[in-house]
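Participant: Got a structure for you, questions after.
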Amino acid sequence: MENQNTAVTVLTLLFGVLIGIMSVISLLFFSGVISVDRPITNEGAPAENINSDFAPPAGVGNDKGIGMSVDKLEGFDDVISLSCDSKAGCNSGSGNLTCDKILPMACVNSYGRNPLPTGLPDAKSGSWTMGEIGFTEPIVGNSIKTADDGHSLCEQTFGDGWRMLNNQDGNSALSVTGIGTVVRGSLAWIDISNNNSSNCWTPRAEYN
C-alpha cells in the first residue's frame, strides 16, 4: 500500500511539472519571444522589409519577365554587356524569370552620346548603346505596374533623362552593350519593348 501511494505521489509531481512547462511555453509564445516563421523573400530578407513604395500589386503584368545576365566586357575598364542566353533558357519571347524575383532594374541615360570603343568585338559592337547604363536597388519584378512607373524609378534614382533600358537600345533582341559598372549579382530586369508578354509590367501604348 505504501508503494502504491508513493507511485501516485510521483505521478502527481510529474504531471504538475508538465503543466508548468506547458504554461511557460504558452507565455513565451503569446509574448512574442517564440513566434512562427515569417515569410521570406527570394533574397532571404523578411517580406515586410521590402520598400512599401514598391510592394507588388495583384494582377498586374505577366507571370514572367526578362532578367538579363550582366557581365564586364573583358579588356575594357568600363564596358558592360547585358545578354539573354537562349542556351541557358532565356526566352525573350515569353520571359525567363517569374515576376516575384528581386533584381535591380537596368536603366540607361538616353542623353548619352558615348562613341563606340575602339577594338570592341564585332559581336558586341552591333548591340552598342551610346547611353550610360546604371542599376537601381533590387526590386520585386511585379512591383512595377506600368512601363511609365519603371521609367520614373530610373529617373528618381539617376536623374533627368534616365529610363528603363530595353532590348532595342542595343539593336538586338538578346544583347545590349554600353558604358557602366557591373551590378551586384548577375541579373537585372530589362524592358522588352517589342513583346508585351515578356514584361512584368504593362507596356506603353506605343510599344504595342
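We name chains A, B, ... following the order of the C-alpha cells; residues begin at 1 in each chain, and ligands are numbered from 1 as shown.
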So that I can see what lies close to region 121-125 of chain A, please list as a PDB file with N, CA and C atoms, in the first residue's frame the residues with an atom at most 10 Å from it, counting only C-alpha atoms and leaving out residues fewer than 4 positions away in the same chain.
Facilitator:
```
ATOM      1  N   LEU A  73      32.864  43.448 -69.851  1.00  0.00           N
ATOM      2  CA  LEU A  73      33.475  43.011 -71.102  1.00  0.00           C
ATOM      3  C   LEU A  73      34.985  42.956 -70.919  1.00  0.00           C
ATOM      4  N   ILE A  80      30.146  47.194 -70.145  1.00  0.00           N
ATOM      5  CA  ILE A  80      29.419  46.022 -69.660  1.00  0.00           C
ATOM      6  C   ILE A  80      28.472  45.524 -70.750  1.00  0.00           C
ATOM      7  N   SER A  81      28.081  44.286 -70.620  1.00  0.00           N
ATOM      8  CA  SER A  81      27.187  43.679 -71.595  1.00  0.00           C
ATOM      9  C   SER A  81      26.043  42.980 -70.871  1.00  0.00           C
ATOM     10  N   LEU A 116      31.465  54.441 -80.016  1.00  0.00           N
ATOM     11  CA  LEU A 116      31.822  53.030 -79.991  1.00  0.00           C
ATOM     12  C   LEU A 116      33.300  52.890 -79.631  1.00  0.00           C
ATOM     13  N   PRO A 117      33.640  52.159 -78.566  1.00  0.00           N
ATOM     14  CA  PRO A 117      35.041  51.997 -78.166  1.00  0.00           C
ATOM     15  C   PRO A 117      35.863  51.293 -79.255  1.00  0.00           C
ATOM     16  N   THR A 129      24.937  50.682 -77.164  1.00  0.00           N
ATOM     17  CA  THR A 129      24.061  51.818 -76.915  1.00  0.00           C
ATOM     18  C   THR A 129      24.932  52.976 -76.450  1.00  0.00           C
ATOM     19  N   GLY A 170      20.021  48.263 -77.844  1.00  0.00           N
ATOM     20  CA  GLY A 170      21.211  47.643 -78.425  1.00  0.00           C
ATOM     21  C   GLY A 170      20.973  47.105 -79.813  1.00  0.00           C
ATOM     22  N   SER A 172      19.267  44.814 -80.747  1.00  0.00           N
ATOM     23  CA  SER A 172      19.341  43.356 -80.713  1.00  0.00           C
ATOM     24  C   SER A 172      18.323  42.850 -79.711  1.00  0.00           C
ATOM     25  N   SER A 175      20.918  41.166 -76.674  1.00  0.00           N
ATOM     26  CA  SER A 175      22.151  41.731 -76.125  1.00  0.00           C
ATOM     27  C   SER A 175      22.139  43.253 -76.175  1.00  0.00           C
ATOM     28  N   VAL A 176      22.652  43.887 -75.092  1.00  0.00           N
ATOM     29  CA  VAL A 176      22.840  45.334 -75.042  1.00  0.00           C
ATOM     30  C   VAL A 176      24.206  45.585 -74.405  1.00  0.00           C
ATOM     31  N   THR A 177      25.018  46.446 -75.023  1.00  0.00           N
ATOM     32  CA  THR A 177      26.359  46.748 -74.535  1.00  0.00           C
ATOM     33  C   THR A 177      26.503  48.254 -74.367  1.00  0.00           C
ATOM     34  N   GLY A 178      27.169  48.673 -73.289  1.00  0.00           N
ATOM     35  CA  GLY A 178      27.345  50.103 -73.068  1.00  0.00           C
ATOM     36  C   GLY A 178      28.296  50.399 -71.930  1.00  0.00           C
TER      37      GLY A 178
END
```
Participant: What's the 7 Å shell around Cys84 (chain A), counting only C-alpha atoms, without same-chain residues fewer than 5 positions away, as a list in words?
Facilitator: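 My reading of the contact set: Met68, Ser69, Cys90, Leu174 and Ser175 of chain A.
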Participant: Go ahead and dump the residues you just picked, N, CA and C atoms, as a PDB file, in the first residue's frame.
Facilitator:
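The result, written out as selection_28.pdb:
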```
ATOM      1  N   MET A  68      18.218  39.853 -67.586  1.00  0.00           N
ATOM      2  CA  MET A  68      19.411  39.624 -68.399  1.00  0.00           C
ATOM      3  C   MET A  68      20.653  39.471 -67.527  1.00  0.00           C
ATOM      4  N   SER A  69      21.589  38.652 -68.001  1.00  0.00           N
ATOM      5  CA  SER A  69      22.874  38.495 -67.330  1.00  0.00           C
ATOM      6  C   SER A  69      23.704  39.759 -67.550  1.00  0.00           C
ATOM      7  N   CYS A  90      16.982  31.444 -71.461  1.00  0.00           N
ATOM      8  CA  CYS A  90      16.430  32.793 -71.529  1.00  0.00           C
ATOM      9  C   CYS A  90      15.630  32.928 -72.817  1.00  0.00           C
ATOM     10  N   LEU A 174      18.676  40.129 -77.977  1.00  0.00           N
ATOM     11  CA  LEU A 174      19.294  39.323 -76.928  1.00  0.00           C
ATOM     12  C   LEU A 174      20.531  39.943 -76.297  1.00  0.00           C
ATOM     13  N   SER A 175      20.918  41.166 -76.674  1.00  0.00           N
ATOM     14  CA  SER A 175      22.151  41.731 -76.125  1.00  0.00           C
ATOM     15  C   SER A 175      22.139  43.253 -76.175  1.00  0.00           C
TER      16      SER A 175
END
```
Participant: I'd like the interatomic distance between CA of Ser94 (chain A) and CA of Ser152 (chain A), to a tenth of an Å.
Facilitator: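 CA of Ser94 (chain A) sits 24.4 Å away from CA of Ser152 (chain A).
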Participant: Rounded to one decimal in Å, what is the spacing between CA of Pro104 (chain A) and CA of Leu120 (chain A)?
Facilitator: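 Between CA of Pro104 (chain A) and CA of Leu120 (chain A) the gap is 26.0 Å.
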Participant: Please provide as a tab-separated table (two decimals) with C-alpha atoms, in the first residue's frame all residues within 8 Å of Asn109 (chain A), with the sequence filter that same-chain residues fewer than 4 positions apart are discarded (counting only C-alpha atoms).
Facilitator:
```tsv
chain	number	residue	atom	x	y	z
A	131	GLY	CA	23.90	55.91	-73.31
A	132	GLU	CA	25.41	55.08	-69.92
A	133	ILE	CA	23.87	52.06	-68.16
A	161	GLY	CA	16.99	61.71	-68.97
A	162	TRP	CA	17.18	58.24	-67.43
A	163	ARG	CA	14.67	55.49	-68.27
```
Participant: My list of candidates is A:Leu165, A:Ile66, A:Ile102, A:Ala188. Which is closest to Ser143 (chain A) when distances are computed with only C-alpha atoms?
Facilitator: A:Ile102
Participant: Can you check which residues of region 124-205 of chain A DSSP gives as strand (DSSP E) on the backbone and send them as number ranges by chain?
Facilitator: A: 133-135, 139-140, 162-164, 175-179, 187-190
Participant: Considering only alpha helix (DSSP H) as DSSP defines it on the backbone, what residues of region 70-197 of chain A qualify? List them as a ChimeraX atom specification.
Facilitator: /A:122-125,147-158
Participant: What's the separation between CA of Glu137 (chain A) and CA of Gly112 (chain A), in Å to one decimal place?
Facilitator: 21.6 Å
Participant: Find the residues around Phe135 (chain A) up to 10 Å (only C-alpha atoms counted), leave out those fewer than 5 positions away in its own chain, and share them as a PyMOL selection string.
Facilitator: chain A and resi 103-108+154+157-158+164-165+180-184+188-189
